[in-house]
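Dropping query-v4.txt in here (compact mmCIF, C-alpha atoms):
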# COMPACT_ATOMS: atom_id res chain seq x y z
CA MET A 1 19.06 12.16 10.04
CA ASN A 2 19.43 14.54 7.13
CA SER A 3 16.89 12.92 4.79
CA PRO A 4 17.67 14.92 1.60
CA ARG A 5 21.39 14.24 2.03
CA PHE A 6 20.78 10.52 2.58
CA SER A 7 18.41 10.33 -0.42
CA GLY A 8 20.93 12.19 -2.56
CA PHE A 9 23.67 9.78 -1.55
CA ILE A 10 21.56 6.77 -2.48
CA GLU A 11 20.47 8.28 -5.81
CA ALA A 12 24.05 9.21 -6.73
CA HIS A 13 25.32 5.77 -5.79
CA GLU A 14 22.62 4.07 -7.86
CA ALA A 15 23.34 6.36 -10.81
CA ARG A 16 27.03 5.43 -10.70
CA HIS A 17 26.60 1.71 -9.99
CA GLY A 18 23.14 0.92 -11.34
CA ALA A 19 24.14 -2.28 -13.18
CA ILE A 20 26.37 -3.45 -10.36
CA GLU A 21 24.81 -5.00 -7.30
CA PRO A 22 25.46 -2.25 -4.75
CA ALA A 23 26.35 -2.92 -1.17
CA PHE A 24 25.25 -0.60 1.60
CA PHE A 25 26.46 -0.56 5.16
CA LEU A 26 25.21 0.81 8.42
CA SER A 27 28.16 2.11 10.39
CA GLY A 28 28.63 3.10 13.99
CA ALA A 29 31.01 5.49 15.70
CA GLY A 30 33.91 3.03 15.81
CA GLU A 31 36.15 2.28 12.84
CA HIS A 32 35.02 -1.36 12.66
CA ASP A 33 31.40 -0.79 13.67
CA ARG A 34 29.57 -1.58 10.46
CA VAL A 35 27.11 -4.11 9.18
CA GLU A 36 26.03 -4.78 5.60
CA LEU A 37 22.37 -4.10 4.85
CA THR A 38 20.33 -6.67 2.97
CA GLU A 39 18.72 -5.57 -0.29
CA GLN A 40 15.31 -5.75 1.38
CA LEU A 41 16.37 -3.58 4.32
CA HIS A 42 18.06 -1.13 1.96
CA GLU A 43 14.81 -0.80 -0.01
CA ILE A 44 12.80 -0.28 3.18
CA LEU A 45 15.17 2.46 4.35
CA LYS A 46 14.91 4.20 0.98
CA ARG A 47 11.12 4.20 1.20
CA VAL A 48 11.19 5.44 4.80
CA VAL A 49 13.54 8.29 3.93
CA GLN A 50 11.46 9.23 0.88
CA ALA A 51 8.24 9.29 2.94
CA LEU A 52 9.85 11.36 5.68
CA SER A 53 11.30 13.76 3.07
CA ASN A 54 7.76 14.25 1.73
CA GLY A 55 6.47 15.04 5.21
CA GLN A 56 4.60 11.77 5.53
CA SER A 57 4.40 9.72 8.69
CA ILE A 58 5.32 6.06 8.59
CA SER A 59 4.45 2.91 10.46
CA ILE A 60 6.38 -0.31 10.25
CA LEU A 61 4.27 -3.37 10.93
CA ALA A 62 4.91 -7.07 10.54
CA GLY A 63 2.97 -8.64 7.66
CA ASP A 64 1.67 -11.37 9.93
CA GLN A 65 0.32 -8.87 12.48
CA GLN A 66 -3.26 -9.71 13.41
CA LEU A 67 -6.01 -7.14 12.89
CA SER A 68 -9.58 -6.87 14.05
CA THR A 69 -12.35 -6.45 11.50
CA GLN A 70 -12.59 -2.77 12.53
CA GLN A 71 -8.87 -2.20 11.91
CA ALA A 72 -9.15 -3.95 8.54
CA ALA A 73 -12.16 -1.79 7.67
CA GLU A 74 -10.18 1.38 8.44
CA ILE A 75 -7.26 0.27 6.25
CA LEU A 76 -9.61 -0.67 3.39
CA GLY A 77 -11.82 2.40 3.73
CA LEU A 78 -14.88 0.19 4.18
CA SER A 79 -17.39 -0.34 6.97
CA ARG A 80 -16.85 -3.14 9.48
CA PRO A 81 -20.06 -4.94 8.35
CA THR A 82 -18.75 -4.88 4.76
CA VAL A 83 -15.47 -6.47 5.91
CA VAL A 84 -17.45 -9.16 7.78
CA ARG A 85 -19.49 -9.82 4.62
CA LEU A 86 -16.29 -10.08 2.54
CA ILE A 87 -14.96 -12.63 5.02
CA GLU A 88 -18.20 -14.61 4.97
CA ASP A 89 -18.25 -14.53 1.15
CA GLY A 90 -14.68 -15.87 1.06
CA GLU A 91 -13.25 -12.76 -0.61
CA LEU A 92 -11.09 -11.82 2.37
CA ARG A 93 -9.20 -14.38 4.45
CA ALA A 94 -9.66 -14.41 8.21
CA HIS A 95 -9.58 -16.85 11.09
CA VAL A 96 -11.30 -17.17 14.43
CA PRO A 97 -8.73 -17.88 17.17
CA GLY A 98 -10.82 -19.59 19.85
CA ALA A 99 -13.46 -16.90 20.31
CA VAL A 100 -16.09 -15.54 17.98
CA ARG A 101 -13.94 -12.58 16.94
CA ARG A 102 -12.44 -12.75 13.48
CA ARG A 103 -8.78 -11.86 13.00
CA LEU A 104 -7.11 -10.93 9.73
CA ARG A 105 -3.46 -10.84 8.75
CA LEU A 106 -2.20 -7.39 7.81
CA ALA A 107 -0.55 -8.83 4.69
CA ASP A 108 -3.90 -10.26 3.51
CA VAL A 109 -5.68 -6.95 4.11
CA LEU A 110 -3.01 -4.98 2.24
CA ALA A 111 -3.10 -7.46 -0.67
CA TYR A 112 -6.88 -7.12 -0.83
CA ARG A 113 -6.54 -3.31 -0.78
CA GLU A 114 -4.23 -3.50 -3.79
CA GLU A 115 -6.70 -5.81 -5.53
CA LEU A 116 -9.50 -3.29 -4.88
CA ARG A 117 -7.38 -0.48 -6.31
CA ALA A 118 -6.62 -2.51 -9.42
CA ARG A 119 -10.32 -3.32 -9.90
CA ARG A 120 -11.30 0.34 -9.45
CA ASN A 121 -8.65 1.49 -11.92
CA GLN A 122 -9.80 -1.10 -14.46
CA PHE A 123 -13.43 -0.01 -13.99
CA ILE A 124 -12.53 3.65 -14.44
CA THR A 125 -10.50 2.88 -17.56
CA GLU A 126 -13.33 0.86 -19.09
CA ARG A 127 -16.01 3.42 -18.22
CA SER A 128 -14.00 6.43 -19.34
CA ALA A 129 -13.87 4.96 -22.86
CA GLU A 130 -17.68 4.87 -22.87
CA PHE A 131 -17.84 8.63 -22.22
CA GLU A 132 -15.20 9.67 -24.73
CA GLY A 133 -16.56 12.48 -26.88
CA PHE A 134 -19.22 13.46 -24.32
CA SER A 135 -19.26 17.00 -22.94
CA ASP A 136 -18.70 17.60 -19.23
CA ASP A 137 -22.40 18.38 -18.82
CA GLU A 138 -23.41 15.09 -20.48
CA VAL A 139 -21.05 13.13 -18.22
CA ALA A 140 -22.39 14.93 -15.13
CA GLU A 141 -25.96 14.15 -16.20
CA ALA A 142 -25.15 10.47 -16.74
CA LEU A 143 -23.50 10.28 -13.30
CA ALA A 144 -26.51 11.94 -11.67
CA GLU A 145 -28.84 9.42 -13.33
CA ALA A 146 -26.64 6.54 -12.17
CA ARG A 147 -26.76 7.81 -8.58
CA HIS A 148 -30.55 7.93 -8.65
CA GLU A 149 -30.74 4.32 -9.92
CA ASP A 150 -28.96 3.04 -6.79
Translate the structure described by the file into structure tokens.
Amino acid sequence: MNSPRFSGFIEAHEARHGAIEPAFFLSGAGEHDRVELTEQLHEILKRVVQALSNGQSISILAGDQQLSTQQAAEILGLSRPTVVRLIEDGELRAHVPGAVRRRLRLADVLAYREELRARRNQFITERSAEFEGFSDDEVAEALAEARHED
């Protein structure tokens, strides 16, 4: 697939027909071999093509796919014990299907990851206002003191 050409086609089509609900089709080799793409599938294909154009790899997973606590930890960038604690504290949903092992839904883990990002961004925004007007050296000193307090 020629990703830049495909992306260009989509962008040009959207520029021409932005206000109109566009229809996209997947066509085969035969004259009548075509199927209309849903809006959701169209959006997924656009994201896939964009990621591939940027040299990124992609994975397509079902939102209800079950994950282990270790897999969830890797997605969240946390340790497995931290994920277990989040489950026990009720911050992260999980279930125990028969055995002692906890399972998490991919969709829940991804939603929690977005929540963490939003919290971190809010924290950074709030804290950056506190350091407005400080020199770089003063900020570095305050950060060093904060690290030693932990």
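Coordinates place CA of Glu114 (chain A) at a distance of 15.1 Å from CA of Leu86 (chain A).
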Within 9 Å of Ile10 (chain A) using only C-alpha atoms, minus same-chain residues under 5 positions, as number ranges by chain: A: 5, 15, 46
Each side padded by 5 Å, which centre and which edge lengths in Å (one decimal) define the axis-aligned box around the listed atoms of region 65-72 of chain A? Give them as lines of an AutoDock Vina configuration file.
center_x = -6.1
center_y = -6.0
center_z = 11.3
size_x = 22.9
size_y = 17.5
size_z = 15.5
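Of note, CA of Val35 (chain A) and CA of His13 (chain A) are spaced 18.0 Å apart.
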Interatomic distance (Å, one decimal) between CA of Leu143 (chain A) and CA of Arg119 (chain A): 19.2 Å
Nearest-residue call for Ala72 (chain A), choices A:His95, A:Arg147, A:Arg105, A:Arg34, using only C-alpha atoms: A:Arg105
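Closest approach to Ala111 (chain A) among A:Val84, A:Gln66, A:Ile75, A:Ala146: A:Ile75, based on all atoms listed in the file.
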Mind completing region 113-143 of chain A with N, CA and C atoms? Output as a PDB file, keeping the file's coordinate frame, please?
ATOM      1  N   ARG A 113      -6.453  -4.736  -0.451  1.00  0.00           N
ATOM      2  CA  ARG A 113      -6.540  -3.310  -0.780  1.00  0.00           C
ATOM      3  C   ARG A 113      -5.959  -3.042  -2.157  1.00  0.00           C
ATOM      4  N   GLU A 114      -4.827  -3.668  -2.467  1.00  0.00           N
ATOM      5  CA  GLU A 114      -4.230  -3.500  -3.790  1.00  0.00           C
ATOM      6  C   GLU A 114      -5.121  -4.082  -4.878  1.00  0.00           C
ATOM      7  N   GLU A 115      -5.760  -5.211  -4.586  1.00  0.00           N
ATOM      8  CA  GLU A 115      -6.700  -5.810  -5.530  1.00  0.00           C
ATOM      9  C   GLU A 115      -7.879  -4.870  -5.785  1.00  0.00           C
ATOM     10  N   LEU A 116      -8.406  -4.254  -4.730  1.00  0.00           N
ATOM     11  CA  LEU A 116      -9.500  -3.290  -4.880  1.00  0.00           C
ATOM     12  C   LEU A 116      -9.069  -2.109  -5.747  1.00  0.00           C
ATOM     13  N   ARG A 117      -7.881  -1.599  -5.507  1.00  0.00           N
ATOM     14  CA  ARG A 117      -7.380  -0.480  -6.310  1.00  0.00           C
ATOM     15  C   ARG A 117      -7.267  -0.862  -7.779  1.00  0.00           C
ATOM     16  N   ALA A 118      -6.756  -2.058  -8.034  1.00  0.00           N
ATOM     17  CA  ALA A 118      -6.620  -2.510  -9.420  1.00  0.00           C
ATOM     18  C   ALA A 118      -7.985  -2.638 -10.079  1.00  0.00           C
ATOM     19  N   ARG A 119      -8.962  -3.191  -9.357  1.00  0.00           N
ATOM     20  CA  ARG A 119     -10.320  -3.320  -9.900  1.00  0.00           C
ATOM     21  C   ARG A 119     -10.931  -1.948 -10.181  1.00  0.00           C
ATOM     22  N   ARG A 120     -10.751  -1.014  -9.253  1.00  0.00           N
ATOM     23  CA  ARG A 120     -11.300   0.340  -9.450  1.00  0.00           C
ATOM     24  C   ARG A 120     -10.652   1.016 -10.654  1.00  0.00           C
ATOM     25  N   ASN A 121      -9.338   0.890 -10.777  1.00  0.00           N
ATOM     26  CA  ASN A 121      -8.650   1.490 -11.920  1.00  0.00           C
ATOM     27  C   ASN A 121      -9.125   0.885 -13.237  1.00  0.00           C
ATOM     28  N   GLN A 122      -9.310  -0.425 -13.253  1.00  0.00           N
ATOM     29  CA  GLN A 122      -9.800  -1.100 -14.460  1.00  0.00           C
ATOM     30  C   GLN A 122     -11.210  -0.608 -14.803  1.00  0.00           C
ATOM     31  N   PHE A 123     -12.059  -0.489 -13.790  1.00  0.00           N
ATOM     32  CA  PHE A 123     -13.430  -0.010 -13.990  1.00  0.00           C
ATOM     33  C   PHE A 123     -13.417   1.408 -14.556  1.00  0.00           C
ATOM     34  N   ILE A 124     -12.601   2.266 -13.975  1.00  0.00           N
ATOM     35  CA  ILE A 124     -12.530   3.650 -14.440  1.00  0.00           C
ATOM     36  C   ILE A 124     -12.038   3.709 -15.886  1.00  0.00           C
ATOM     37  N   THR A 125     -11.033   2.911 -16.195  1.00  0.00           N
ATOM     38  CA  THR A 125     -10.500   2.880 -17.560  1.00  0.00           C
ATOM     39  C   THR A 125     -11.574   2.436 -18.545  1.00  0.00           C
ATOM     40  N   GLU A 126     -12.285   1.370 -18.205  1.00  0.00           N
ATOM     41  CA  GLU A 126     -13.330   0.860 -19.090  1.00  0.00           C
ATOM     42  C   GLU A 126     -14.467   1.866 -19.257  1.00  0.00           C
ATOM     43  N   ARG A 127     -14.881   2.476 -18.164  1.00  0.00           N
ATOM     44  CA  ARG A 127     -16.010   3.420 -18.220  1.00  0.00           C
ATOM     45  C   ARG A 127     -15.628   4.723 -18.901  1.00  0.00           C
ATOM     46  N   SER A 128     -14.387   5.159 -18.734  1.00  0.00           N
ATOM     47  CA  SER A 128     -14.000   6.430 -19.340  1.00  0.00           C
ATOM     48  C   SER A 128     -14.048   6.332 -20.865  1.00  0.00           C
ATOM     49  N   ALA A 129     -13.786   5.141 -21.409  1.00  0.00           N
ATOM     50  CA  ALA A 129     -13.870   4.960 -22.860  1.00  0.00           C
ATOM     51  C   ALA A 129     -15.312   5.126 -23.336  1.00  0.00           C
ATOM     52  N   GLU A 130     -16.267   4.739 -22.505  1.00  0.00           N
ATOM     53  CA  GLU A 130     -17.680   4.870 -22.870  1.00  0.00           C
ATOM     54  C   GLU A 130     -18.102   6.325 -23.001  1.00  0.00           C
ATOM     55  N   PHE A 131     -17.453   7.225 -22.241  1.00  0.00           N
ATOM     56  CA  PHE A 131     -17.840   8.630 -22.220  1.00  0.00           C
ATOM     57  C   PHE A 131     -16.953   9.508 -23.103  1.00  0.00           C
ATOM     58  N   GLU A 132     -16.079   8.889 -23.867  1.00  0.00           N
ATOM     59  CA  GLU A 132     -15.200   9.670 -24.730  1.00  0.00           C
ATOM     60  C   GLU A 132     -16.058  10.410 -25.765  1.00  0.00           C
ATOM     61  N   GLY A 133     -15.794  11.687 -25.936  1.00  0.00           N
ATOM     62  CA  GLY A 133     -16.560  12.480 -26.880  1.00  0.00           C
ATOM     63  C   GLY A 133     -17.765  13.166 -26.260  1.00  0.00           C
ATOM     64  N   PHE A 134     -18.114  12.818 -25.014  1.00  0.00           N
ATOM     65  CA  PHE A 134     -19.220  13.460 -24.320  1.00  0.00           C
ATOM     66  C   PHE A 134     -18.732  14.780 -23.730  1.00  0.00           C
ATOM     67  N   SER A 135     -19.609  15.740 -23.605  1.00  0.00           N
ATOM     68  CA  SER A 135     -19.260  17.000 -22.940  1.00  0.00           C
ATOM     69  C   SER A 135     -19.286  16.772 -21.434  1.00  0.00           C
ATOM     70  N   ASP A 136     -18.696  17.699 -20.692  1.00  0.00           N
ATOM     71  CA  ASP A 136     -18.700  17.600 -19.230  1.00  0.00           C
ATOM     72  C   ASP A 136     -20.122  17.569 -18.680  1.00  0.00           C
ATOM     73  N   ASP A 137     -21.002  18.351 -19.272  1.00  0.00           N
ATOM     74  CA  ASP A 137     -22.400  18.380 -18.820  1.00  0.00           C
ATOM     75  C   ASP A 137     -23.082  17.033 -19.052  1.00  0.00           C
ATOM     76  N   GLU A 138     -22.811  16.398 -20.186  1.00  0.00           N
ATOM     77  CA  GLU A 138     -23.410  15.090 -20.480  1.00  0.00           C
ATOM     78  C   GLU A 138     -22.909  14.028 -19.512  1.00  0.00           C
ATOM     79  N   VAL A 139     -21.622  14.082 -19.180  1.00  0.00           N
ATOM     80  CA  VAL A 139     -21.050  13.130 -18.220  1.00  0.00           C
ATOM     81  C   VAL A 139     -21.672  13.357 -16.848  1.00  0.00           C
ATOM     82  N   ALA A 140     -21.791  14.614 -16.431  1.00  0.00           N
ATOM     83  CA  ALA A 140     -22.390  14.930 -15.130  1.00  0.00           C
ATOM     84  C   ALA A 140     -23.829  14.444 -15.065  1.00  0.00           C
ATOM     85  N   GLU A 141     -24.566  14.609 -16.148  1.00  0.00           N
ATOM     86  CA  GLU A 141     -25.960  14.150 -16.200  1.00  0.00           C
ATOM     87  C   GLU A 141     -26.036  12.627 -16.097  1.00  0.00           C
ATOM     88  N   ALA A 142     -25.159  11.933 -16.794  1.00  0.00           N
ATOM     89  CA  ALA A 142     -25.150  10.470 -16.740  1.00  0.00           C
ATOM     90  C   ALA A 142     -24.803   9.984 -15.336  1.00  0.00           C
ATOM     91  N   LEU A 143     -23.870  10.652 -14.677  1.00  0.00           N
ATOM     92  CA  LEU A 143     -23.500  10.280 -13.300  1.00  0.00           C
ATOM     93  C   LEU A 143     -24.662  10.526 -12.345  1.00  0.00           C
TER      94      LEU A 143
END
